[in-house]
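Visitor: Dropping in protein38.tsv, which is TSV, C-alpha atoms and all ligand atoms:
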```tsv
chain	number	residue	atom	x	y	z
A	1	MET	CA	85.52	69.11	109.14
A	2	THR	CA	85.29	71.89	111.72
A	3	ARG	CA	81.95	73.51	112.32
A	4	PRO	CA	81.78	77.14	113.46
A	5	GLN	CA	82.39	77.60	117.14
A	6	VAL	CA	82.39	80.84	119.04
A	7	SER	CA	84.72	81.02	122.00
A	8	GLY	CA	83.18	82.08	125.30
A	9	GLY	CA	83.98	85.47	126.80
A	10	ALA	CA	85.04	87.32	123.63
A	11	ALA	CA	82.48	89.21	121.56
A	12	PRO	CA	80.69	86.68	119.35
A	13	ILE	CA	81.85	86.64	115.74
A	14	ASP	CA	79.27	86.83	112.99
A	15	GLU	CA	80.32	83.75	110.98
A	16	ARG	CA	78.26	84.92	108.03
A	17	HIS	CA	79.79	88.39	107.87
A	18	PRO	CA	83.14	88.60	109.67
A	19	PRO	CA	85.18	91.75	108.92
A	20	ILE	CA	87.52	91.05	105.99
A	21	LYS	CA	90.72	93.05	105.85
A	22	PRO	CA	93.86	92.37	103.81
A	23	ARG	CA	97.05	92.06	105.87
A	24	ARG	CA	100.49	93.05	104.70
A	25	VAL	CA	102.83	90.08	104.97
A	26	SER	CA	106.37	89.29	103.97
A	27	PHE	CA	108.22	86.00	103.76
A	28	ASP	CA	111.95	85.37	103.72
A	29	TRP	CA	112.58	82.25	101.62
A	30	SER	CA	116.37	82.34	101.89
A	31	ARG	CA	116.54	79.42	104.33
A	32	THR	CA	113.67	77.26	103.01
A	33	PRO	CA	114.91	73.98	101.50
A	34	LEU	CA	113.46	72.50	98.31
A	35	HIS	CA	111.85	69.65	100.28
A	36	TRP	CA	110.24	71.77	102.93
A	37	VAL	CA	108.35	68.72	104.25
A	38	PRO	CA	111.52	66.90	105.43
A	39	ASN	CA	112.17	63.61	103.62
A	40	ASP	CA	108.85	63.84	101.81
A	41	PRO	CA	109.23	65.19	98.26
A	42	VAL	CA	105.80	63.86	97.26
A	43	ALA	CA	103.96	65.76	100.01
A	44	THR	CA	106.12	68.83	99.27
A	45	HIS	CA	105.21	68.81	95.58
A	46	ILE	CA	101.53	68.02	96.10
A	47	ILE	CA	101.27	71.22	98.13
A	48	ASN	CA	103.67	73.02	95.73
A	49	SER	CA	101.14	72.41	92.97
A	50	PHE	CA	98.95	75.00	94.75
A	51	HIS	CA	101.80	77.49	94.38
A	52	ILE	CA	101.62	76.94	90.61
A	53	VAL	CA	97.89	77.50	90.19
A	54	LEU	CA	97.16	80.07	92.88
A	55	PRO	CA	98.91	83.23	91.59
A	56	GLU	CA	96.97	83.32	88.30
A	57	GLY	CA	93.98	81.43	89.74
A	58	GLU	CA	93.39	84.06	92.39
A	59	LYS	CA	93.72	86.84	89.80
A	60	TRP	CA	90.91	85.10	87.89
A	61	PHE	CA	88.77	84.96	91.07
A	62	ILE	CA	89.27	88.74	91.38
A	63	GLN	CA	88.28	89.33	87.73
A	64	CYS	CA	85.04	87.36	88.18
A	65	VAL	CA	84.08	89.25	91.32
A	66	LYS	CA	84.95	92.60	89.72
A	67	ASP	CA	82.71	91.78	86.74
A	68	ALA	CA	79.82	91.09	89.11
A	69	ARG	CA	80.42	94.12	91.36
A	70	PRO	CA	78.50	96.75	89.31
A	71	HIS	CA	75.38	94.56	89.61
A	72	ILE	CA	75.43	94.34	93.40
A	73	ARG	CA	73.44	96.75	95.55
A	74	ASP	CA	74.08	95.32	99.03
A	75	GLU	CA	76.52	97.77	100.69
A	76	ARG	CA	77.81	95.19	103.17
A	77	LEU	CA	78.59	92.70	100.39
A	78	LEU	CA	80.35	95.46	98.43
A	79	GLU	CA	82.54	96.14	101.47
A	80	GLU	CA	83.27	92.40	101.79
A	81	ILE	CA	84.20	92.25	98.08
A	82	LYS	CA	86.74	95.01	98.71
A	83	GLY	CA	88.33	92.97	101.51
A	84	PHE	CA	88.20	89.79	99.41
A	85	ILE	CA	90.00	91.43	96.47
A	86	GLY	CA	92.66	92.88	98.77
A	87	GLN	CA	93.29	89.52	100.45
A	88	GLU	CA	93.45	87.54	97.19
A	89	MET	CA	95.89	90.05	95.68
A	90	VAL	CA	98.30	89.55	98.59
A	91	HIS	CA	97.84	85.74	98.37
A	92	ALA	CA	98.67	85.70	94.64
A	93	ARG	CA	101.80	87.80	95.23
A	94	SER	CA	102.97	85.66	98.13
A	95	HIS	CA	102.67	82.34	96.25
A	96	GLN	CA	104.51	83.88	93.31
A	97	GLY	CA	107.41	84.42	95.72
A	98	VAL	CA	107.63	80.64	96.27
A	99	LEU	CA	107.80	80.01	92.50
A	100	ASP	CA	110.40	82.71	91.94
A	101	GLN	CA	112.57	82.03	94.93
A	102	ILE	CA	112.33	78.36	95.95
A	103	LEU	CA	111.43	76.43	92.80
A	104	GLU	CA	113.46	78.54	90.39
A	105	ARG	CA	116.49	78.50	92.71
A	106	ASN	CA	116.35	74.69	92.55
A	107	GLY	CA	116.06	74.51	88.77
A	108	ILE	CA	112.32	73.82	88.62
A	109	ASP	CA	110.66	75.86	85.90
A	110	VAL	CA	106.87	76.09	85.87
A	111	SER	CA	106.63	79.09	83.54
A	112	LYS	CA	105.02	77.02	80.76
A	113	ILE	CA	101.94	76.57	82.96
A	114	THR	CA	101.91	79.97	84.65
A	115	ASP	CA	102.50	81.85	81.36
A	116	ALA	CA	99.56	80.04	79.72
A	117	ALA	CA	97.32	80.85	82.71
A	118	GLY	CA	98.56	84.46	82.64
A	119	ARG	CA	97.66	84.76	78.94
A	120	GLY	CA	94.18	83.39	79.71
A	121	ASN	CA	93.72	86.05	82.39
A	122	ALA	CA	95.08	88.80	80.13
A	123	GLU	CA	92.68	87.88	77.32
A	124	ARG	CA	89.59	87.36	79.48
A	125	PRO	CA	88.52	91.02	80.01
A	126	ALA	CA	88.40	91.70	76.24
A	127	GLN	CA	86.55	88.39	75.64
A	128	MET	CA	84.00	89.22	78.31
A	129	ALA	CA	83.53	92.79	77.02
A	130	ALA	CA	82.96	91.50	73.46
A	131	LEU	CA	80.48	88.86	74.71
A	132	LYS	CA	78.58	91.44	76.78
A	133	GLU	CA	78.27	93.64	73.70
A	134	ARG	CA	77.21	90.80	71.40
A	135	ASN	CA	75.00	88.75	73.70
A	136	PRO	CA	74.30	90.08	77.21
A	137	ARG	CA	72.38	86.94	78.21
A	138	ALA	CA	75.29	84.67	77.29
A	139	TRP	CA	77.62	87.03	79.19
A	140	ARG	CA	75.46	86.72	82.33
A	141	ARG	CA	75.36	82.92	81.96
A	142	ARG	CA	79.13	82.70	81.59
A	143	LEU	CA	79.77	85.03	84.52
A	144	ARG	CA	77.38	83.07	86.78
A	145	PHE	CA	79.06	79.80	85.79
A	146	GLU	CA	82.52	81.19	86.51
A	147	LEU	CA	81.38	82.59	89.86
A	148	ALA	CA	79.87	79.21	90.75
A	149	ALA	CA	83.18	77.51	89.87
A	150	VAL	CA	85.10	80.02	92.00
A	151	ALA	CA	82.62	79.51	94.87
A	152	SER	CA	83.30	75.73	94.72
A	153	ILE	CA	87.06	76.27	94.76
A	154	GLU	CA	86.68	78.72	97.65
A	155	HIS	CA	84.86	75.99	99.56
A	156	TYR	CA	87.92	73.77	99.17
A	157	THR	CA	90.44	76.50	99.98
A	158	ALA	CA	88.54	77.19	103.23
A	159	VAL	CA	88.32	73.49	104.15
A	160	LEU	CA	92.02	73.04	103.37
A	161	GLY	CA	92.79	76.20	105.34
A	162	GLN	CA	91.01	74.76	108.36
A	163	TRP	CA	92.85	71.45	107.87
A	164	ILE	CA	96.27	73.08	107.81
A	165	MET	CA	95.57	75.29	110.83
A	166	ASP	CA	94.39	72.31	112.87
A	167	ASN	CA	97.08	69.86	111.72
A	168	ASP	CA	99.87	69.78	114.31
A	169	ARG	CA	101.49	66.73	112.65
A	170	LEU	CA	103.13	69.15	110.20
A	171	ASP	CA	104.87	70.91	113.12
A	172	LYS	CA	105.98	67.55	114.54
A	173	ALA	CA	107.35	66.54	111.10
A	174	GLY	CA	109.61	69.61	111.16
A	175	VAL	CA	108.01	71.38	108.18
A	176	ASP	CA	109.82	74.61	107.28
A	177	PRO	CA	108.24	77.25	109.57
A	178	THR	CA	108.11	79.99	106.92
A	179	MET	CA	106.21	77.75	104.51
A	180	LEU	CA	103.90	76.53	107.24
A	181	ASP	CA	103.15	80.14	108.17
A	182	LEU	CA	102.41	81.07	104.53
A	183	LEU	CA	100.01	78.14	104.20
A	184	ARG	CA	98.31	78.79	107.54
A	185	TRP	CA	98.04	82.56	107.08
A	186	HIS	CA	96.54	82.00	103.61
A	187	GLY	CA	94.26	79.25	104.94
A	188	ALA	CA	93.07	81.46	107.80
A	189	GLU	CA	92.16	84.28	105.39
A	190	GLU	CA	90.39	81.76	103.14
A	191	VAL	CA	88.28	80.79	106.15
A	192	GLU	CA	87.59	84.47	106.88
A	193	HIS	CA	86.36	85.31	103.37
A	194	ARG	CA	84.79	81.92	102.53
A	195	SER	CA	81.25	83.32	102.09
A	196	VAL	CA	82.03	86.23	99.77
A	197	VAL	CA	82.02	84.59	96.31
A	198	PHE	CA	79.09	82.35	97.26
A	199	ASP	CA	77.11	85.45	98.28
A	200	VAL	CA	78.14	87.28	95.09
A	201	TYR	CA	76.96	84.28	93.06
A	202	LYS	CA	73.59	84.37	94.83
A	203	ALA	CA	73.35	88.16	94.47
A	204	VAL	CA	73.67	87.94	90.66
A	205	GLY	CA	70.89	85.36	90.47
A	206	GLY	CA	72.98	82.17	90.65
A	207	ARG	CA	70.86	79.06	91.15
A	208	TYR	CA	71.35	75.51	92.37
A	209	PRO	CA	71.71	73.58	89.04
A	210	THR	CA	74.55	75.82	87.87
A	211	ARG	CA	76.20	75.52	91.29
A	212	VAL	CA	76.21	71.72	90.91
A	213	ALA	CA	77.45	71.77	87.30
A	214	ALA	CA	80.26	74.19	88.16
A	215	TRP	CA	81.21	72.08	91.19
A	216	VAL	CA	81.70	69.05	88.89
A	217	VAL	CA	83.91	71.08	86.56
A	218	SER	CA	85.94	72.54	89.42
A	219	LEU	CA	86.38	69.06	90.91
A	220	PHE	CA	88.00	67.85	87.67
A	221	PHE	CA	90.15	70.97	87.59
A	222	LEU	CA	91.32	70.42	91.18
A	223	TYR	CA	92.19	66.75	90.53
A	224	TRP	CA	94.09	67.74	87.39
A	225	ALA	CA	95.91	70.58	89.18
A	226	LEU	CA	96.91	68.47	92.17
A	227	ILE	CA	97.82	65.22	90.43
A	228	GLY	CA	99.19	66.70	87.19
A	229	GLY	CA	100.96	69.52	89.04
A	230	SER	CA	102.71	67.26	91.52
A	231	LEU	CA	103.86	64.80	88.79
A	232	TYR	CA	105.14	67.74	86.72
A	233	LEU	CA	107.14	69.02	89.69
A	234	LEU	CA	108.46	65.59	90.69
A	235	LYS	CA	109.74	65.00	87.14
A	236	GLN	CA	111.72	68.24	87.31
A	237	ASP	CA	112.99	67.75	90.85
A	238	PRO	CA	116.81	67.55	90.52
A	239	THR	CA	117.10	65.18	93.49
A	240	ILE	CA	114.75	62.49	92.13
A	241	LYS	CA	114.79	63.13	88.38
A	242	GLY	CA	114.19	59.99	86.33
A	243	ARG	CA	112.90	57.92	89.24
A	244	VAL	CA	109.25	58.93	89.07
A	245	SER	CA	106.92	56.02	88.42
A	246	PRO	CA	103.18	56.41	89.08
A	247	LEU	CA	103.18	53.37	91.44
A	248	ARG	CA	106.12	54.71	93.43
A	249	VAL	CA	104.52	58.15	93.67
A	250	TYR	CA	101.20	56.60	94.75
A	251	ARG	CA	102.91	54.56	97.51
A	252	SER	CA	104.73	57.66	98.77
A	253	TYR	CA	101.48	59.60	98.64
A	254	ARG	CA	99.69	56.97	100.79
A	255	ARG	CA	102.55	57.20	103.29
A	256	SER	CA	102.29	61.02	103.33
A	257	VAL	CA	98.56	60.78	104.00
A	258	ARG	CA	99.14	58.28	106.85
A	259	LEU	CA	101.72	60.63	108.37
A	260	GLY	CA	99.32	63.57	108.08
A	261	HIS	CA	101.58	65.54	105.73
A	262	VAL	CA	98.80	65.92	103.14
A	263	PRO	CA	95.07	65.24	103.26
A	264	GLY	CA	93.70	62.29	101.28
A	265	ILE	CA	92.96	64.06	98.00
A	266	PHE	CA	90.15	61.75	96.82
A	267	ARG	CA	88.44	61.66	100.20
A	268	LEU	CA	88.79	65.39	100.67
A	269	LEU	CA	87.41	66.44	97.29
A	270	LEU	CA	84.59	63.90	96.94
A	271	GLY	CA	83.91	63.73	100.67
A	272	GLU	CA	82.81	67.36	100.63
A	273	ALA	CA	80.06	66.65	98.08
A	274	PRO	CA	77.33	65.97	100.68
A	275	VAL	CA	78.24	69.23	102.40
A	276	TYR	CA	78.69	71.58	99.46
A	277	LEU	CA	75.85	70.13	97.38
A	278	ARG	CA	73.16	70.52	100.02
A	279	PRO	CA	70.61	72.89	98.46
A	280	ASP	CA	70.57	74.97	101.67
A	281	HIS	CA	74.37	75.06	102.00
A	282	HIS	CA	76.04	78.29	103.02
A	283	PRO	CA	79.82	78.59	103.58
A	284	SER	CA	79.26	80.08	107.04
A	285	LYS	CA	78.10	76.62	108.17
A	286	VAL	CA	81.60	75.16	107.78
A	287	CYS	CA	85.01	76.09	109.27
A	288	SER	CA	85.69	78.45	112.14
A	289	THR	CA	86.45	82.17	111.95
A	290	PRO	CA	87.52	82.32	115.66
A	291	ARG	CA	90.14	79.65	114.89
A	292	ALA	CA	91.32	81.66	111.85
A	293	LEU	CA	91.65	84.83	113.96
A	294	GLU	CA	93.46	82.89	116.67
A	295	TYR	CA	96.07	81.83	114.10
A	296	LEU	CA	96.33	85.26	112.50
A	297	MET	CA	97.13	86.81	115.90
A	298	GLN	CA	100.19	84.58	116.18
A	299	SER	CA	101.25	84.37	112.51
A	300	PRO	CA	104.87	85.60	112.24
A	301	ALA	CA	104.27	86.98	108.72
A	302	ALA	CA	101.10	88.85	109.72
A	303	LYS	CA	102.83	90.23	112.83
A	304	ALA	CA	105.87	91.30	110.78
A	305	GLY	CA	103.51	93.09	108.40
A	306	GLY	CA	102.13	95.13	111.29
A	307	TYR	CA	98.87	93.23	111.94
A	308	ASP	CA	97.69	94.28	115.35
A	309	PRO	CA	94.50	92.58	116.48
A	310	TYR	CA	94.10	94.87	119.53
B	1	FE	FE	93.48	83.11	98.52
B	2	FE	FE	89.91	82.79	98.55
```
If you took the structure in this file and wrote it as structure tokens, what would it be?
Guide:
Amino acid sequence: MTRPQVSGGAAPIDERHPPIKPRRVSFDWSRTPLHWVPNDPVATHIINSFHIVLPEGEKWFIQCVKDARPHIRDERLLEEIKGFIGQEMVHARSHQGVLDQILERNGIDVSKITDAAGRGNAERPAQMAALKERNPRAWRRRLRFELAAVASIEHYTAVLGQWIMDNDRLDKAGVDPTMLDLLRWHGAEEVEHRSVVFDVYKAVGGRYPTRVAAWVVSLFFLYWALIGGSLYLLKQDPTIKGRVSPLRVYRSYRRSVRLGHVPGIFRLLLGEAPVYLRPDHHPSKVCSTPRALEYLMQSPAAKAGGYDPY
């Protein structure tokens, strides 16, 4: 994992509080093939499973942070929350584009999952309002737990973001450049805003035991989303329909890991435990904002959206 590093010469970046600004981006999916990791449907669909969970998942992150916002006094954190919400809104929209334009075009329908997640998000504000009215202490407990779960997931999105920015084996494998840019732009912004939810959690009185409990829950969720999501997609893939056996998928997955097309899921998720579960952990101690900014300066989508770093 990359530790923060500040490049010489340029003004040092405050890893704990980098400026967080949403960038307008646009992606043209008209030329992206279904298997955008060439000859590797398993790696393609493992990463595609993020496209399924992220649009509604990131809307849930925003809801949690918005619920906490009225209880935060720190002006700088409030400004960072504004940037975080803006970035996550653009992320959710951009991943939705992959579902609507690449998967749907190829006959892969994930609406059963996304509709259920969308209903959960639609019902949550009324549930939270009713709970706050009925039992304010239980409301605070639930909100803290959800924020802790989001903070854990944000740890992984930042670590994965760093992984995808640093992984040149994907370029060598001929991965579709538009998809690679989407993943790297998103990953870079995840690195930029990696401290926000953790700081919000702390600001509303979040403590260590809840952070650990929520990490365990989010770990199960991530395993389910990655493994279940990729099997669901592989079963619907028109080019390999009917030839999906768990052993075959596992062998292909091991090959994809060896080739550097995907990270080792078990090693990545559990391997972060000693980092994330340190009582004195802070997200600013992992990943590199200068590296994220370096990528964002060259990202075709960010440049097309008018991002000018100078
Ligand atoms: Fe995001
Ligand atoms: Fe995020």
Visitor: In Å, rounded to a single decimal, give me how far CA of Gly305 in chain A is from CA of Tyr156 in chain A.
Guide: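 It comes out at 26.5 Å.
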Visitor: Might you pull out every residue within 12 Å of Glu192 in chain A, with all atoms listed in the file counted and same-chain residues fewer than 6 positions away left off, and present them as a compact mmCIF listing (two decimals) with C-alpha atoms, in the coordinates of the input?
Guide:
```txt
# COMPACT_ATOMS: atom_id res chain seq x y z
CA PRO A 4 81.78 77.14 113.46
CA ILE A 13 81.85 86.64 115.74
CA ASP A 14 79.27 86.83 112.99
CA GLU A 15 80.32 83.75 110.98
CA ARG A 16 78.26 84.92 108.03
CA HIS A 17 79.79 88.39 107.87
CA PRO A 18 83.14 88.60 109.67
CA PRO A 19 85.18 91.75 108.92
CA ILE A 20 87.52 91.05 105.99
CA LYS A 21 90.72 93.05 105.85
CA PRO A 22 93.86 92.37 103.81
CA GLU A 80 83.27 92.40 101.79
CA GLY A 83 88.33 92.97 101.51
CA PHE A 84 88.20 89.79 99.41
CA GLN A 87 93.29 89.52 100.45
CA GLU A 88 93.45 87.54 97.19
CA GLU A 154 86.68 78.72 97.65
CA HIS A 155 84.86 75.99 99.56
CA THR A 157 90.44 76.50 99.98
CA ALA A 158 88.54 77.19 103.23
CA VAL A 159 88.32 73.49 104.15
CA GLY A 161 92.79 76.20 105.34
CA GLN A 162 91.01 74.76 108.36
CA TRP A 185 98.04 82.56 107.08
CA HIS A 186 96.54 82.00 103.61
CA PRO A 283 79.82 78.59 103.58
CA SER A 284 79.26 80.08 107.04
CA VAL A 286 81.60 75.16 107.78
CA CYS A 287 85.01 76.09 109.27
CA SER A 288 85.69 78.45 112.14
CA THR A 289 86.45 82.17 111.95
CA PRO A 290 87.52 82.32 115.66
CA ARG A 291 90.14 79.65 114.89
CA ALA A 292 91.32 81.66 111.85
CA LEU A 293 91.65 84.83 113.96
CA GLU A 294 93.46 82.89 116.67
CA TYR A 295 96.07 81.83 114.10
CA LEU A 296 96.33 85.26 112.50
```
Visitor: Go through A:Thr178, A:Gln127, A:Asn106, A:Asn48 and flag the residue nearest Ser26 in chain A, using all atoms listed in the file for the distances.
Guide: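 The closest residue to Ser26 in chain A is A:Thr178.
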Visitor: Here is a test: counting all atoms listed in the file, which residue of A:Ser195, A:Ser218, A:Ser256, A:Gln63 is nearest to ligand FE 2 (chain B)?
Guide: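 Between A:Ser195, A:Ser218, A:Ser256, A:Gln63, the residue approaching ligand FE 2 (chain B) most closely is A:Ser195.
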Visitor: Between A:Val42, A:Ile72, A:Met165, A:Leu226, which has the minimum distance to Arg251 in chain A (counting only C-alpha atoms)?
Guide: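 The answer is A:Val42, which sits nearest to Arg251 in chain A.
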Visitor: Taking all atoms listed in the file into account, which of A:Ala151, A:Ile62, A:Val262, A:Val275 comes nearest Asn121 in chain A?
Guide: A:Ile62
Visitor: Tell me, in Å to one decimal, how far CA of Gly205 in chain A is from CA of Pro279 in chain A.
Guide: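 Distance reported for this atom pair: 14.8 Å.
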Visitor: So which residues touch Tyr208 in chain A within 10 Å, counting only C-alpha atoms, skipping near sequence neighbours fewer than 6 positions away, as a PyMOL selection string?
Guide: chain A and resi 148+202+214+277-280
Visitor: Select, from A:Ile108, A:Ile240, A:Leu103, A:Ile52, the residue with the minimum atom-to-atom distance to Asp40 in chain A, counting only C-alpha atoms.
Guide: A:Ile240
Visitor: Find the residue from A:Arg124, A:His51, A:Arg137, A:Arg73 that sits nearest to Leu99 in chain A; use all atoms listed in the file when measuring.
Guide: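 That would be A:His51, the residue with the smallest distance to Leu99 in chain A.
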Visitor: Hey, can you check how far CA of Gly229 in chain A sits from CA of Thr114 in chain A?
Guide: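 One can read the CA of Gly229 in chain A to CA of Thr114 in chain A distance as 11.4 Å.
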Visitor: Fewer than 5 positions away in the same chain doesn't count, so skip those; otherwise give me all residues within 12 Å of Val65 in chain A, counting only C-alpha atoms, as a PDB file with C-alpha atoms, in the coordinates of the input.
Guide:
```pdb
ATOM      1  CA  GLU A  58      93.390  84.060  92.390  1.00  0.00           C
ATOM      2  CA  LYS A  59      93.720  86.840  89.800  1.00  0.00           C
ATOM      3  CA  TRP A  60      90.910  85.100  87.890  1.00  0.00           C
ATOM      4  CA  PRO A  70      78.500  96.750  89.310  1.00  0.00           C
ATOM      5  CA  HIS A  71      75.380  94.560  89.610  1.00  0.00           C
ATOM      6  CA  ILE A  72      75.430  94.340  93.400  1.00  0.00           C
ATOM      7  CA  LEU A  77      78.590  92.700 100.390  1.00  0.00           C
ATOM      8  CA  LEU A  78      80.350  95.460  98.430  1.00  0.00           C
ATOM      9  CA  GLU A  80      83.270  92.400 101.790  1.00  0.00           C
ATOM     10  CA  ILE A  81      84.200  92.250  98.080  1.00  0.00           C
ATOM     11  CA  LYS A  82      86.740  95.010  98.710  1.00  0.00           C
ATOM     12  CA  GLY A  83      88.330  92.970 101.510  1.00  0.00           C
ATOM     13  CA  PHE A  84      88.200  89.790  99.410  1.00  0.00           C
ATOM     14  CA  ILE A  85      90.000  91.430  96.470  1.00  0.00           C
ATOM     15  CA  GLY A  86      92.660  92.880  98.770  1.00  0.00           C
ATOM     16  CA  GLU A  88      93.450  87.540  97.190  1.00  0.00           C
ATOM     17  CA  LEU A 143      79.770  85.030  84.520  1.00  0.00           C
ATOM     18  CA  ARG A 144      77.380  83.070  86.780  1.00  0.00           C
ATOM     19  CA  GLU A 146      82.520  81.190  86.510  1.00  0.00           C
ATOM     20  CA  LEU A 147      81.380  82.590  89.860  1.00  0.00           C
ATOM     21  CA  ALA A 148      79.870  79.210  90.750  1.00  0.00           C
ATOM     22  CA  ALA A 149      83.180  77.510  89.870  1.00  0.00           C
ATOM     23  CA  VAL A 150      85.100  80.020  92.000  1.00  0.00           C
ATOM     24  CA  ALA A 151      82.620  79.510  94.870  1.00  0.00           C
ATOM     25  CA  VAL A 196      82.030  86.230  99.770  1.00  0.00           C
ATOM     26  CA  VAL A 197      82.020  84.590  96.310  1.00  0.00           C
ATOM     27  CA  PHE A 198      79.090  82.350  97.260  1.00  0.00           C
ATOM     28  CA  ASP A 199      77.110  85.450  98.280  1.00  0.00           C
ATOM     29  CA  VAL A 200      78.140  87.280  95.090  1.00  0.00           C
ATOM     30  CA  TYR A 201      76.960  84.280  93.060  1.00  0.00           C
ATOM     31  CA  ALA A 203      73.350  88.160  94.470  1.00  0.00           C
ATOM     32  CA  VAL A 204      73.670  87.940  90.660  1.00  0.00           C
TER      33      VAL A 204
END
```
Visitor: Could you name the residues that touch range 139-141 of chain A at 10 Å or less, counting all atoms listed in the file, but leaving out those on the same chain fewer than 4 positions away, as a ChimeraX atom specification?
Guide: /A:67-68,127-135,145-147,204-206,210
Visitor: Could you write range 271-291 of chain A as an mmCIF file, in the frame of the given file, with N, CA and C atoms rebuilt where they are missing?
Guide:
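Listing of selection_38.cif after writing:
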```
data_model
loop_
_atom_site.group_PDB
_atom_site.id
_atom_site.type_symbol
_atom_site.label_atom_id
_atom_site.label_comp_id
_atom_site.auth_asym_id
_atom_site.auth_seq_id
_atom_site.Cartn_x
_atom_site.Cartn_y
_atom_site.Cartn_z
ATOM 1 N N GLY A 271 84.559 63.781 99.352
ATOM 2 C CA GLY A 271 83.910 63.730 100.670
ATOM 3 C C GLY A 271 83.166 65.007 101.024
ATOM 4 N N GLU A 272 83.507 66.097 100.362
ATOM 5 C CA GLU A 272 82.810 67.360 100.630
ATOM 6 C C GLU A 272 81.500 67.486 99.851
ATOM 7 N N ALA A 273 81.275 66.547 98.909
ATOM 8 C CA ALA A 273 80.060 66.650 98.080
ATOM 9 C C ALA A 273 78.776 66.759 98.919
ATOM 10 N N PRO A 274 78.586 65.877 99.926
ATOM 11 C CA PRO A 274 77.330 65.970 100.680
ATOM 12 C C PRO A 274 77.189 67.283 101.448
ATOM 13 N N VAL A 275 78.299 67.938 101.699
ATOM 14 C CA VAL A 275 78.240 69.230 102.400
ATOM 15 C C VAL A 275 77.943 70.341 101.406
ATOM 16 N N TYR A 276 78.812 70.440 100.383
ATOM 17 C CA TYR A 276 78.690 71.580 99.460
ATOM 18 C C TYR A 276 77.446 71.493 98.596
ATOM 19 N N LEU A 277 76.989 70.258 98.310
ATOM 20 C CA LEU A 277 75.850 70.130 97.380
ATOM 21 C C LEU A 277 74.493 70.142 98.076
ATOM 22 N N ARG A 278 74.469 70.358 99.369
ATOM 23 C CA ARG A 278 73.160 70.520 100.020
ATOM 24 C C ARG A 278 72.495 71.780 99.442
ATOM 25 N N PRO A 279 71.242 71.697 99.051
ATOM 26 C CA PRO A 279 70.610 72.890 98.460
ATOM 27 C C PRO A 279 70.642 74.099 99.411
ATOM 28 N N ASP A 280 70.590 73.838 100.735
ATOM 29 C CA ASP A 280 70.570 74.970 101.670
ATOM 30 C C ASP A 280 71.971 75.292 102.207
ATOM 31 N N HIS A 281 73.000 74.811 101.513
ATOM 32 C CA HIS A 281 74.370 75.060 102.000
ATOM 33 C C HIS A 281 74.688 76.545 101.989
ATOM 34 N N HIS A 282 75.409 76.957 103.036
ATOM 35 C CA HIS A 282 76.040 78.290 103.020
ATOM 36 C C HIS A 282 77.423 78.118 103.640
ATOM 37 N N PRO A 283 78.448 78.784 103.073
ATOM 38 C CA PRO A 283 79.820 78.590 103.580
ATOM 39 C C PRO A 283 79.971 78.890 105.074
ATOM 40 N N SER A 284 79.128 79.747 105.616
ATOM 41 C CA SER A 284 79.260 80.080 107.040
ATOM 42 C C SER A 284 78.977 78.883 107.941
ATOM 43 N N LYS A 285 78.409 77.805 107.358
ATOM 44 C CA LYS A 285 78.100 76.620 108.170
ATOM 45 C C LYS A 285 79.309 75.705 108.357
ATOM 46 N N VAL A 286 80.395 75.991 107.629
ATOM 47 C CA VAL A 286 81.600 75.160 107.780
ATOM 48 C C VAL A 286 82.775 76.037 108.213
ATOM 49 N N CYS A 287 83.770 75.412 108.828
ATOM 50 C CA CYS A 287 85.010 76.090 109.270
ATOM 51 C C CYS A 287 84.734 77.081 110.407
ATOM 52 N N SER A 288 85.821 77.627 110.941
ATOM 53 C CA SER A 288 85.690 78.450 112.140
ATOM 54 C C SER A 288 86.483 79.759 112.024
ATOM 55 N N THR A 289 85.770 80.867 111.997
ATOM 56 C CA THR A 289 86.450 82.170 111.950
ATOM 57 C C THR A 289 87.235 82.443 113.244
ATOM 58 N N PRO A 290 86.696 82.101 114.444
ATOM 59 C CA PRO A 290 87.520 82.320 115.660
ATOM 60 C C PRO A 290 88.862 81.605 115.583
ATOM 61 N N ARG A 291 88.880 80.386 115.023
ATOM 62 C CA ARG A 291 90.140 79.650 114.890
ATOM 63 C C ARG A 291 91.080 80.394 113.921
#
```
